[in-house]
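Participant: Sharing query-v3.cif below, mmCIF, C-alpha atoms:
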```
data_model
loop_
_atom_site.label_atom_id
_atom_site.label_comp_id
_atom_site.auth_asym_id
_atom_site.auth_seq_id
_atom_site.Cartn_x
_atom_site.Cartn_y
_atom_site.Cartn_z
CA MET W 1 -16.81 -30.64 5.00
CA VAL W 2 -18.52 -31.63 1.75
CA VAL W 3 -22.30 -31.63 2.03
CA SER W 4 -24.17 -34.00 -0.26
CA ALA W 5 -27.03 -32.70 -2.34
CA LYS W 6 -29.49 -34.69 -0.24
CA SER W 7 -28.28 -33.45 3.15
CA SER W 8 -30.28 -30.85 5.03
CA PRO W 9 -28.22 -28.29 6.95
CA LEU W 10 -31.31 -27.30 8.96
CA SER W 11 -31.83 -30.92 10.02
CA GLU W 12 -28.16 -31.18 10.96
CA LEU W 13 -28.49 -27.99 12.97
CA ARG W 14 -31.63 -29.07 14.81
CA ILE W 15 -30.14 -32.49 15.64
CA ALA W 16 -27.00 -30.86 17.03
CA LEU W 17 -28.77 -28.20 19.10
CA PRO W 18 -29.15 -30.15 22.38
CA SER W 19 -25.41 -30.89 22.52
CA LEU W 20 -24.30 -27.29 21.90
CA PRO W 21 -23.39 -24.72 24.55
CA LEU W 22 -26.35 -22.62 25.65
CA ARG W 23 -25.31 -19.48 23.73
CA LEU W 24 -24.76 -21.43 20.54
CA GLN W 25 -28.15 -23.08 21.02
CA GLU W 26 -29.73 -19.62 21.02
CA VAL W 27 -27.89 -18.63 17.83
CA GLY W 28 -28.76 -21.99 16.26
CA ARG W 29 -32.45 -21.57 17.00
CA PHE W 30 -32.31 -18.08 15.48
CA VAL W 31 -30.75 -19.44 12.28
CA ALA W 32 -33.27 -22.30 12.10
CA ALA W 33 -36.16 -19.88 12.48
CA ASN W 34 -34.72 -17.36 10.02
CA ASP W 35 -33.07 -19.54 7.37
CA TYR W 36 -34.07 -17.19 4.55
CA ASP W 37 -32.41 -14.22 6.27
CA ALA W 38 -29.38 -16.41 6.93
CA THR W 39 -28.92 -16.85 3.17
CA THR W 40 -29.48 -13.21 2.19
CA ARG W 41 -28.16 -10.98 4.98
CA SER W 42 -24.66 -10.33 6.23
CA MET W 43 -23.38 -12.01 9.37
CA ARG W 44 -23.21 -8.62 11.11
CA ASP W 45 -26.86 -7.88 10.33
CA LEU W 46 -27.91 -11.31 11.59
CA ALA W 47 -25.86 -10.91 14.76
CA ALA W 48 -27.40 -7.50 15.48
CA GLU W 49 -30.92 -8.89 15.13
CA ALA W 50 -30.12 -11.98 17.19
CA GLY W 51 -28.35 -9.94 19.86
CA ALA W 52 -25.22 -12.04 19.44
CA ASP W 53 -21.54 -11.65 18.65
CA PRO W 54 -20.92 -12.15 14.87
CA ALA W 55 -18.21 -14.66 15.77
CA ALA W 56 -20.91 -16.84 17.36
CA PHE W 57 -22.22 -17.66 13.87
CA THR W 58 -18.78 -18.90 12.85
CA ARG W 59 -18.52 -20.98 16.04
CA LEU W 60 -21.98 -22.41 15.38
CA ALA W 61 -21.03 -23.47 11.87
CA LYS W 62 -17.83 -25.13 13.05
CA ALA W 63 -19.67 -26.85 15.90
CA ILE W 64 -21.88 -28.72 13.42
CA GLY W 65 -19.05 -29.66 11.07
CA TYR W 66 -18.66 -26.78 8.63
CA SER W 67 -15.44 -24.89 8.00
CA GLY W 68 -17.10 -21.57 8.82
CA TRP W 69 -20.20 -19.44 8.39
CA ASP W 70 -19.71 -18.96 4.63
CA GLU W 71 -19.85 -22.73 4.05
CA LEU W 72 -22.93 -23.15 6.24
CA ARG W 73 -24.66 -20.25 4.50
CA ALA W 74 -23.82 -21.78 1.11
CA ALA W 75 -25.34 -25.08 2.26
CA LEU W 76 -28.49 -23.28 3.46
CA THR W 77 -28.73 -21.50 0.10
CA GLU W 78 -28.31 -24.74 -1.82
CA ALA W 79 -30.96 -26.44 0.32
CA ARG W 80 -33.45 -23.74 -0.69
CA ARG W 81 -32.61 -24.10 -4.38
CA PRO W 82 -35.50 -25.65 -6.33
CA SER W 83 -34.99 -28.53 -8.70
CA GLU W 84 -33.83 -27.36 -12.13
CA THR W 85 -36.59 -29.39 -13.73
CA SER W 86 -39.38 -28.25 -11.40
CA PRO W 87 -38.54 -24.84 -9.89
CA PHE W 88 -42.19 -23.84 -9.61
CA SER W 89 -44.19 -27.04 -9.32
CA ALA W 90 -41.93 -28.10 -6.44
CA ARG W 91 -43.27 -25.08 -4.51
CA ALA W 92 -46.89 -26.06 -5.07
CA LYS W 93 -48.84 -27.41 -2.12
CA GLY W 94 -51.98 -29.47 -2.18
CA ARG W 95 -55.19 -27.49 -2.20
CA ARG W 96 -56.36 -26.69 1.29
CA HIS W 97 -59.71 -27.94 2.46
CA GLY W 98 -62.53 -26.00 4.03
CA PRO W 99 -65.02 -23.35 2.93
CA HIS W 100 -62.52 -20.50 3.21
CA ALA W 101 -59.36 -22.29 2.04
CA ASP W 102 -58.84 -20.08 -1.02
CA VAL W 103 -59.35 -16.89 0.97
CA THR W 104 -56.89 -18.15 3.59
CA LEU W 105 -54.24 -18.74 0.92
CA ILE W 106 -54.71 -15.21 -0.40
CA THR W 107 -54.53 -13.77 3.12
CA ASP W 108 -51.35 -15.72 3.87
CA LYS W 109 -49.82 -14.53 0.61
CA LEU W 110 -50.68 -10.88 1.22
CA GLU W 111 -49.31 -11.08 4.76
CA ALA W 112 -46.06 -12.62 3.51
CA GLU W 113 -45.71 -9.93 0.83
CA ALA W 114 -46.30 -7.17 3.39
CA ALA W 115 -43.85 -8.70 5.86
CA GLY W 116 -41.09 -8.79 3.25
CA LEU W 117 -41.26 -5.11 2.25
CA PRO W 118 -39.92 -3.61 5.52
CA ARG W 119 -36.84 -5.84 5.21
CA ILE W 120 -35.78 -4.07 2.01
CA SER W 121 -32.89 -1.70 2.73
CA ALA W 122 -33.82 1.92 2.00
CA HIS W 123 -30.18 2.97 2.46
CA ALA W 124 -29.01 0.45 -0.14
CA ILE W 125 -31.60 1.70 -2.65
CA ALA W 126 -30.60 5.33 -2.03
CA ASP W 127 -26.93 4.49 -2.63
CA ALA W 128 -27.80 2.71 -5.88
CA ALA W 129 -30.01 5.61 -7.00
CA ARG W 130 -27.08 7.98 -6.57
CA ALA W 131 -25.05 5.70 -8.85
CA LEU W 132 -27.86 5.86 -11.43
CA HIS W 133 -27.97 9.64 -11.19
CA ASP W 134 -24.22 9.83 -11.88
CA ALA W 135 -24.26 7.29 -14.72
CA ASN W 136 -23.80 8.44 -18.31
CA ARG W 137 -26.14 5.67 -19.48
CA ILE W 138 -28.36 3.16 -17.68
CA TRP W 139 -28.85 -0.37 -18.99
CA ILE W 140 -31.59 -2.57 -17.49
CA THR W 141 -32.17 -6.29 -17.87
CA GLY W 142 -34.56 -8.85 -16.47
CA TYR W 143 -35.39 -12.15 -18.13
CA ARG W 144 -38.57 -14.19 -18.15
CA SER W 145 -40.85 -13.00 -15.30
CA CYS W 146 -38.32 -10.34 -14.30
CA ARG W 147 -38.77 -8.72 -17.71
CA SER W 148 -41.87 -6.99 -16.31
CA VAL W 149 -39.82 -5.37 -13.53
CA ALA W 150 -37.17 -4.26 -16.03
CA GLU W 151 -39.78 -2.74 -18.34
CA LEU W 152 -41.44 -0.84 -15.49
CA LEU W 153 -38.12 0.62 -14.34
CA ASN W 154 -37.18 1.44 -17.93
CA TYR W 155 -40.49 3.22 -18.48
CA GLU W 156 -40.28 5.31 -15.30
CA LEU W 157 -36.65 6.35 -15.87
CA ARG W 158 -37.25 7.20 -19.53
CA LEU W 159 -39.98 9.66 -18.53
CA PHE W 160 -37.20 12.03 -17.49
CA ARG W 161 -34.03 10.50 -19.02
CA PRO W 162 -35.24 9.20 -22.40
CA GLU W 163 -31.88 9.26 -24.22
CA GLN W 164 -29.87 7.58 -21.46
CA VAL W 165 -31.91 4.52 -20.47
CA GLN W 166 -32.23 1.27 -22.41
CA ILE W 167 -33.33 -2.33 -21.85
CA VAL W 168 -30.61 -4.80 -22.85
CA GLY W 169 -31.64 -6.49 -26.08
CA ALA W 170 -34.53 -4.12 -26.79
CA SER W 171 -33.19 -3.10 -30.20
CA GLY W 172 -31.36 -6.26 -31.25
CA PRO W 173 -29.40 -9.28 -30.02
CA ASP W 174 -28.26 -9.03 -26.39
CA ASP W 175 -24.63 -9.57 -27.28
CA LEU W 176 -24.49 -6.27 -29.19
CA ASP W 177 -25.49 -4.39 -26.06
CA LEU W 178 -23.10 -6.38 -23.89
CA GLY W 179 -20.29 -5.19 -26.10
CA ALA W 180 -21.48 -1.59 -25.70
CA PHE W 181 -21.15 -1.44 -21.90
CA ARG W 182 -18.64 1.19 -20.79
CA SER W 183 -17.08 2.55 -17.62
CA GLY W 184 -19.19 5.41 -16.28
CA GLU W 185 -22.42 3.57 -17.14
CA ALA W 186 -24.71 1.57 -14.85
CA VAL W 187 -26.14 -1.89 -15.54
CA ILE W 188 -29.12 -3.15 -13.55
CA VAL W 189 -29.70 -6.92 -13.51
CA ILE W 190 -32.88 -8.33 -11.95
CA GLY W 191 -33.35 -11.97 -10.99
CA PHE W 192 -34.35 -14.59 -8.45
CA MET W 193 -33.82 -18.31 -8.05
CA PRO W 194 -33.78 -20.16 -10.45
CA TYR W 195 -31.40 -17.71 -12.12
CA THR W 196 -31.13 -17.44 -15.89
CA ASN W 197 -27.79 -17.91 -17.62
CA ALA W 198 -28.53 -14.77 -19.63
CA SER W 199 -28.69 -12.58 -16.51
CA VAL W 200 -25.31 -13.93 -15.37
CA ARG W 201 -23.78 -13.13 -18.77
CA VAL W 202 -25.04 -9.56 -18.58
CA ALA W 203 -23.66 -9.13 -15.05
CA GLN W 204 -20.28 -10.52 -16.07
CA ALA W 205 -20.11 -8.25 -19.12
CA ALA W 206 -20.90 -5.22 -16.96
CA TYR W 207 -18.24 -6.19 -14.45
CA HIS W 208 -15.56 -6.69 -17.09
CA ALA W 209 -16.47 -3.41 -18.80
CA GLY W 210 -15.99 -1.49 -15.56
CA ALA W 211 -19.63 -0.37 -15.47
CA THR W 212 -21.43 0.04 -12.16
CA LEU W 213 -23.31 -3.22 -11.59
CA ILE W 214 -26.56 -3.07 -9.63
CA ALA W 215 -28.20 -6.42 -8.83
CA ILE W 216 -31.82 -6.64 -7.71
CA ALA W 217 -31.85 -10.17 -6.35
CA ASP W 218 -33.26 -12.54 -3.74
CA SER W 219 -29.88 -13.51 -2.28
CA LEU W 220 -26.35 -12.24 -1.79
CA ALA W 221 -25.30 -15.58 -3.24
CA ALA W 222 -27.16 -14.98 -6.52
CA PRO W 223 -24.68 -15.60 -9.38
CA MET W 224 -25.68 -12.35 -11.12
CA ALA W 225 -24.87 -10.46 -7.90
CA GLU W 226 -21.24 -11.61 -7.84
CA GLY W 227 -18.96 -8.58 -8.06
CA ALA W 228 -21.90 -6.16 -7.95
CA ASP W 229 -21.33 -2.65 -6.65
CA HIS W 230 -24.85 -2.59 -5.21
CA VAL W 231 -27.03 -5.57 -4.23
CA LEU W 232 -30.67 -4.74 -3.50
CA LEU W 233 -32.33 -7.69 -1.83
CA PHE W 234 -35.99 -8.69 -1.96
CA GLU W 235 -37.84 -11.76 -0.70
CA ALA W 236 -39.09 -14.04 -3.43
CA ALA W 237 -39.40 -17.48 -1.86
CA SER W 238 -41.17 -16.69 1.42
CA SER W 239 -44.55 -16.00 -0.16
CA PRO W 240 -46.85 -19.04 -0.51
CA GLY W 241 -48.04 -20.07 -3.94
CA PHE W 242 -46.49 -21.97 -6.83
CA PHE W 243 -44.58 -18.92 -8.12
CA PRO W 244 -42.05 -16.78 -6.22
CA SER W 245 -42.98 -13.19 -5.42
CA LEU W 246 -41.89 -10.14 -7.42
CA THR W 247 -43.55 -7.64 -5.07
CA GLY W 248 -40.25 -6.65 -3.44
CA ALA W 249 -38.48 -6.31 -6.79
CA LEU W 250 -41.22 -4.01 -8.06
CA ALA W 251 -41.02 -1.90 -4.90
CA ILE W 252 -37.24 -1.59 -5.32
CA ALA W 253 -37.60 -0.61 -8.98
CA GLN W 254 -40.14 2.11 -8.23
CA SER W 255 -38.07 3.40 -5.33
CA LEU W 256 -34.98 3.59 -7.55
CA ALA W 257 -36.92 5.62 -10.12
CA ALA W 258 -38.36 7.95 -7.48
CA VAL W 259 -35.01 8.75 -5.86
CA THR W 260 -33.17 9.08 -9.19
CA PHE W 261 -35.81 11.59 -10.30
CA SER W 262 -35.48 13.51 -7.04
CA LEU W 263 -31.70 13.68 -7.43
CA GLY W 264 -32.17 15.09 -10.94
CA GLY W 265 -33.68 18.26 -9.52
CA THR W 266 -34.98 20.98 -11.82
CA ALA W 267 -33.55 19.39 -14.96
CA ALA W 268 -35.36 16.10 -14.34
CA LYS W 269 -38.62 17.89 -13.61
CA LYS W 270 -38.31 19.89 -16.84
CA ARG W 271 -37.72 16.71 -18.88
CA LEU W 272 -40.74 15.07 -17.19
CA GLN W 273 -42.89 18.10 -18.01
CA ASP W 274 -41.72 17.95 -21.64
CA THR W 275 -42.72 14.28 -21.77
CA GLU W 276 -46.12 15.05 -20.27
CA ALA W 277 -46.68 17.80 -22.86
CA ARG W 278 -45.82 15.41 -25.68
CA LEU W 279 -48.21 12.78 -24.29
CA ALA W 280 -50.96 15.36 -23.97
CA ALA W 281 -50.42 16.55 -27.54
CA ALA W 282 -50.71 12.98 -28.76
CA SER W 283 -53.95 12.48 -26.80
CA THR W 284 -52.41 9.46 -25.11
CA TYR W 285 -54.80 9.41 -22.19
CA VAL W 286 -58.58 9.46 -22.01
CA SER W 287 -59.81 13.01 -21.31
CA GLU W 288 -61.53 13.50 -17.99
CA LYS W 289 -65.15 14.55 -18.16
CA GLY W 290 -66.50 17.20 -15.90
#
```
Can the structure from this file be put into C-alpha cells for me?

Facilitator:
Amino acid sequence: MVVSAKSSPLSELRIALPSLPLRLQEVGRFVAANDYDATTRSMRDLAAEAGADPAAFTRLAKAIGYSGWDELRAALTEARRPSETSPFSARAKGRRHGPHADVTLITDKLEAEAAGLPRISAHAIADAARALHDANRIWITGYRSCRSVAELLNYELRLFRPEQVQIVGASGPDDLDLGAFRSGEAVIVIGFMPYTNASVRVAQAAYHAGATLIAIADSLAAPMAEGADHVLLFEAASSPGFFPSLTGALAIAQSLAAVTFSLGGTAAKKRLQDTEARLAAASTYVSEKG
C-alpha cells in the first residue's frame, strides 16, 4: 500500500478500530495512544508493554491495509515529520489564555521532560560506553542545536582522555575528518528530526570505514542511525514548545561520559587528577573564600 503524504495513519487506524477483532482493537488503541513509542521502539518492546503477542502488531497493520508493521511504523514516522520549510514554527501553538497560562506551559514542559527520561535505556547506554572505552579514538558530531550536546560530551570525555577524543570538524573541514575514520574507532552522531544532511554523511563515512557507529537519536528510523552499532533513543518531539527537547540527549551524553570514566578505572582517575592539577595551576576557577 502506498500512503500519500496527506494521509494520516492514526486517522486510518481510529476509523478502522470498530470493525477489528477485539484483541486487535486493544492493540490498535495502544498504538494510537503511544504513537511516538510506536515509531521509536522495537515491536517486541511495544508488545511487552501492551501485554500482546508481537505478531498482533503485524496483524493490525495488515488489517488496515499495510503490508506489515514496518510499513505502518514508517507511515507513523512520516506523519510526525515536520514540514521542511517550517520544522519549528509548525510545532508552535497559540498562546494560552488565563492568568497562569505561561506557568502552565512551563509545568507541562517540565512534566514532559521528566516523563521522557525514564524511557531512556540504561542498558543501551552501558553497552555503548563499553564500546567507547575500547575505542582507540572517539569522534563526536552534532550539528546546529545538537552541537551543544556534542561539545558537552567532548568536554567531559577529554577531561580524562584528552588525546583520543575529537569533535568532527573542530580543526578544519569536516571532510578531512571523515577521511580519517578507521576501524577500531568510535563515531558518535547526535540528531533529531529534522535531520541534517551533514549528520547523515558522517554516519555513512563511519559505517564505510568500519568504525563503531553510535547514534543518539529520536527515532530508530533516523537516517543517521541506519547501520549503527548502538542507537540511544531520546524523546525530542513530545515536549510542548516551538522547539524539540534536547534534555534526553544531554542525559545520554552525560551518562556515556560517566560510565566510560568508570570503565577506565585507575588510569582514567589519574588522567582526571592531572587535568584538575593543570586547571588549578592556571587559576581557571574562582578561589573559594573562607

Participant: If you apply the PyMOL selection byres ((chain W and resi 36) around 10) to this file, what residues do you get, as a PyMOL selection string?

Facilitator: chain W and resi 31-35+37-41+73+76-77+80+218-219+235-238

Participant: Here's the selection I'm unsure about, the PyMOL selection byres ((chain W and resi 185) around 12); applied to the file above, which residues does it give, as a list of chain:residue names?

Facilitator: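 When the PyMOL selection byres ((chain W and resi 185) around 12) is applied, the selected residues are W:Ala131, W:Leu132, W:His133, W:Asp134, W:Ala135, W:Asn136, W:Arg137, W:Ile138, W:Trp139, W:Ile140, W:Gln164, W:Val165, W:Gln166, W:Ala180, W:Phe181, W:Arg182, W:Ser183, W:Gly184, W:Ala186, W:Val187, W:Ile188, W:Ala206, W:Tyr207, W:Ala209, W:Gly210, W:Ala211, W:Thr212, W:Leu213, W:Ile214.
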
Participant: Tell me which residues come within 10 Å of (-27.0, -17.0, 18.8), as a ChimeraX atom specification, counting only C-alpha atoms in the file's coordinates.

Facilitator: /W:22-31,46-47,49-57,59-60

Participant: Separation of CA of Ala221 in chain W and CA of Arg201 in chain W, in Å?

Facilitator: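 Interatomic distance here is 15.8 Å.
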
Participant: Translate the PyMOL selection byres ((chain W and resi 250) around 9), as applied to the file shown, into an explicit residue set as an MDAnalysis selection string.

Facilitator: chainID W and resid 148:150 152:153 246:249 251:255

Participant: Quick one, how far is CA of Leu220 in chain W from CA of Arg147 in chain W?

Facilitator: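 So the two atoms, CA of Leu220 in chain W and CA of Arg147 in chain W, lie 20.5 Å apart.
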
Participant: So which residues touch Leu272 in chain W within 10 Å, counting only C-alpha atoms, skipping near sequence neighbours fewer than 2 positions away, as a ChimeraX atom specification?

Facilitator: /W:156-162,261,266-270,274-278

Participant: In Å, rounded to a single decimal, give me how far CA of Ile216 in chain W is from CA of Val231 in chain W.

Facilitator: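 We find that CA of Val231 in chain W and CA of Ile216 in chain W lie 6.0 Å from each other.
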